[in-house]
Amino acid sequence: MDATTKKYEICFHCGEKSIINPIHFDEKVFCCDGCKMVYTILKDNDMDNYYALDQSPGTSLKNIAISPSTYAVLDAPDILDTLLSFKTEKVAKVSLRLPNIHCASCLWLLENLYKLQPGVISSRVNFMEKQASITYDPSVVSLRKIAQLLAAIGYPPELNLGVMNQQPKGMSKASKQMLYRLAVAGFAFGNIMLMSFPDYLNINPNTDIVLRTFPYLSFALALPMVFYSGWGYLDSAWKGIKSRHLNMDVPIALGFLALFFRSTYEVFAQAGTGYFDSLAGLVFFLLIGKWVQDRTYQKIAFDRDYKSYFPIWATKIINGEEVPTGLNQLVAEDEILVRNEEMIPADGLLIEGEGIIDYSFVTGESEPISIMKGEKVFAGGHQQGAAIKIKLLTAVSQSYLTSLWNDEAFTKEQERPASELSDVVGRRFTYVILTIAFLTLIYWLSIDKSMAFYAFTSVLIVACPCAISLSIPFTLGNILSRLGKNKIYMKNTLVIEDLAQVNHIVFDKTGTLTQKGLLFSERKLLTEQQERLLKTLVLQSNHPISQLLQKAIKAEPYDNIKNFKEVPGYGISGIVEDQSIEVKVGAFEGKKTGTSILIAGREIASFTTIDKLREGVKELFKDLRKHYKLSLISGDNDSAKEVMGELFNESSNLLFDQKPPDKLAFISQLKKKGDKVLMVGDGLNDAGALKMADVGLVLSEGGNNFTPASDMILSVDLISKINTILNLSKQSIRIIYKGYLFALIYNVIGLFFAVSGHLSPVIAAILMPLSSISVVLIGVLLGSSMLKKIKVSN
């Protein structure tokens with residue numbers, strides 16, 4: 001039997017049709033040894049569920065050659081430094097582009113990579129970008145071996161080291177693909193319309209042999225137009241149906257197929273010339289509308305790629321002086337000071353001090369790593385000891401820091417959609433439209449079959465729920481960007497939705513509502529040497545009390561400190577010039593007020609802190625008391641209870657002497673009662689409470705106290721604007737509803753004409769993108785207008 005008559009056999013792994021030397025193994029067929037090998041690897045590791053997620057989900061390995069020397073370049077230290085975003089002895093992180101990612105099975109397999117290769121800690125896939133972020137143990141497995149494994153299972157990494165760190169230039173691949181599809185649709189549309197003129201002029205096609213071929217030529221042109229130009233809609237709809245989620249492309253795809261198959265039937269059954277002209281116009285104008293939408297959205301300036309700047313500072317060393325400097329002003333070769341609990345803003349070299357770096361922000365691992373002088377430190381780490389000096393190797397990457405902020409490890413509910421409101425409305429809208437469309441089809445089939453498919457398609461196209469899906473990201477995204485320019489920073493648009501539902505606000509006291517002052521009881525007993533010891537100790541901490549002591553003591557500090565330790569809620573300690581020195585809060589010593597300074601275990605001085613309300617706090621609470629439940633939870637003693645009582649409601653909880661676990665438990669208790677909680681703190685001792693709250697707001701005061709547990713960062717001088725921001729979030733949701741009302745009115749009018757058969761699919765295709773653009777522009781313009789009326793900056 002020759003190859004032309006031999007029956008096709010389908011590869012179990014990749015789905016490729018094989019007629020030459022198929023491989024039979026384990027009662028299955030494979031097109032090559034590579035596909036068989038992947039199947040064997042997965043089966044041996046109990047991962048053959050991969051094949052249950054999709055039919056023939058793999059990629060053909062016929063043309064992928066893997067030898068022991070493949071990816072040898074990844075063993076070179078300079079190449080590793082280029083590729084790795086983080087590296088210690090036990091943990092390394094890399095992002096690799098894997099062009100062969102194409103389905104849900106790919107995601108499942110790649111995110112279970114650790115089962116195939118010892119040493120792989122975790123892997124996360126960005127399906128849209130076709131990238132995998134892999135965390136691994138370099139002492140167990142090399143990057144080269146991981147790359148070889150990826151290639152062996154059908155996902156060879158794309159390594160173009162020459163341009164890996166360059167910004168893309170010119171038109172993106174997706175934009176080019178869009179133009180190619182538009183060009184094919186335009187060519188088909190023009191020619192199909194030309195060949196439809198005999199129909200428009202009521203010319204009998206049987207009078208000329210050429211005219212009789214026009215319907216068949218229209219069919220031939222419709223094939224690439226539907227299945228190439230319109231493939232994006234068809235593919236998206238099919239994936240939605242497979243995942244049991246009816247997305248917005250399902251109605252459009254049904255409209256395409258209804259017109260195409262109805263027209264094909266009429267042409268080949270010689271029952272008519274079909275509706276290829278309407279189909280051509282539909283595809284062409286939809287693609288034009290999509291292109292116009294993309295161009296319009298690109299003109300709307302708000303950050304969608306993590307480019308906003310955090311309002312945190314670094315302490316730059318200039319000629320021996322400490323100068324607070326914005327992160328955007330730091331460059332390579334700058335020297336910075338990083339105190340206890342402060343974040344390292346960019347990769348650098350440790351040039352002074354002992355690094356005890358917590359990289360949980362980067363890796364999720366909380367065990368601190370000891371770093372010695374001359375060793376490299378990575379952006380995103382937090383120092384857990386005495387202050388260190390770092391020489392930066394690169395400028396600060398805001399996109400990297402913000403992407404860490406948005407990492408799944410710090411999201412409160414990892415399964416939440418990008419917008420809960422649009423997800424619910426959009427899904428229900430799709431079901432309603434499909435129901436109306438099929439009822440229209442059934443109605444017209446009994447009256448006029450040709451009109452049935454015409455009206456069916458018009459309903460599906462004119463009522464596309466694109467406007468609903470696009471309203472929230474563009475309306476709230478624009479508001480997010482404009483708030484950022486006023487020193488109000490939110491993690492994502494979900495924060496605005498959550499703020500609109502808040503009914504209970506919990507405040508920290510020190511560093512949040514109050515500014516501290518010092519009152520020494522025995523200041524005169526401090527000698528110059530004691531002041532130098534104390535200055536050296538407090539310089540290591542960025543706690544508000546430590547900052548006050550730094551300003552109060554003018555003596556020059558010593559150069560070195562050993563065994564520095566800071567315990568939240570208790571105090572700081574260390575060894576300077578072979579003498580132990582401690583600053584302990586009074587509660588630690590069994591007192592209710594005061595803070596002690598101890599040298600060699602002996603108290604040499606004590607002081608109390610004087611609380612002074614921040615400017616604008618009284619006015620803020622006048623507004624908040626009317627609309628919200630209020631609580632105070634502070635790590636300080638109750639010396640300020642009377643002052644705080646004047647701010648809060650009589651029914652408010654005023655809790656003092658609370659340690660970080662107490663704050664976390666209190667927030668958890670409120671949420672169990674059904675409250676939507678906003679936690680406002682300074683990010684120093686309340687990271688757990690900030691993360692537990694529905695919205696965690698950190699107030700930043702010219703310091704590096706950023707915590708990834710927060711959802712929102714606000715410059716402390718804008719504390720009086722918290723109520724304004726809460727009102728703004730509610731008005732933002734109202735703007736969304738206004739956009740939905742416009743979409744509803746448009747859809748009711750459009751559906752009336754479509755169901756009655758008075759609206760052609762071509763006109764529907766023109767109206768649909770116009771409605772989407774209109775809703776987006778309404779949201780953006782109303783949002784911008786609202787921000788102009790509501791002053792959010794001082």
# chains A, B, ... in the order shown; residues from 1 in each chain; ligands from 1
>>> residues_around(residues="A:Val617", least_positions_apart="2", cutoff="12 Å", atoms="only C-alpha atoms", output="list in words")
Phe507, Lys509, Thr512, Leu513, Thr514, Gln515, Lys612, Leu613, Arg614, Glu615, Glu619, Leu620, Phe621, Lys622, Asp623, Leu624, Val643, Met644, Glu646, Leu647, Phe648, Val716, Asp717, Leu718, Ile719, Ser720, Lys721, Ile722 and Asn723 of chain A
>>> residues_around(residues="A:Leu534", least_positions_apart="5", cutoff="9 Å", atoms="only C-alpha atoms", output="ChimeraX atom specification")
/A:529,539,549-550,553,557,576,581-583,597,599
>>> residues_around(residues="A:Leu439", least_positions_apart="6", cutoff="12 Å", atoms="only C-alpha atoms", output="VMD selection string")
chain A and resid 432 to 433 445 to 446 452 to 453 455 to 456 459 to 460 755 to 756
>>> atom_distance(atom1="atom CA of A:Trp313", atom2="atom CA of A:Leu327")
5.8 Å
>>> select_by_dssp(residues="stretch 425-671 of chain A", states="strand (DSSP E or B)", output="PyMOL selection string")
chain A and resi 488-490+504-507+510+514-520+562-567+571-576+579-585+595-599+602-613+629-633+653-655
>>> residues_around(residues="A:Gln329", least_positions_apart="5", cutoff="10 Å", atoms="only C-alpha atoms", output="PyMOL selection string")
chain A and resi 313-314+334+395-396
>>> write_last_selection(atoms="N, CA, C and O atoms", output="compact mmCIF listing (two decimals), in the first residue's frame")
# COMPACT_ATOMS: atom_id res chain seq x y z
N TRP A 313 11.00 56.83 49.17
CA TRP A 313 12.27 57.48 48.95
C TRP A 313 13.41 56.56 49.35
O TRP A 313 13.22 55.61 50.09
N ALA A 314 14.56 56.86 48.85
CA ALA A 314 15.78 56.20 49.30
C ALA A 314 16.68 57.26 49.92
O ALA A 314 16.59 58.44 49.57
N ASP A 334 25.08 55.18 42.18
CA ASP A 334 24.66 55.91 43.39
C ASP A 334 24.86 55.04 44.62
O ASP A 334 24.66 53.82 44.57
N ALA A 395 19.62 51.48 37.45
CA ALA A 395 18.59 52.43 37.89
C ALA A 395 17.40 51.64 38.42
O ALA A 395 17.28 50.42 38.21
N VAL A 396 16.51 52.31 39.11
CA VAL A 396 15.33 51.65 39.67
C VAL A 396 14.36 51.30 38.55
O VAL A 396 14.04 52.14 37.72
>>> closest_residue(among="A:Cys31, A:Leu223, A:Leu149, A:Ile101", to="A:Pro118", atoms="only C-alpha atoms")
A:Leu149
>>> atom_distance(atom1="atom CA of A:His758", atom2="atom CA of A:Ser774")
23.0 Å
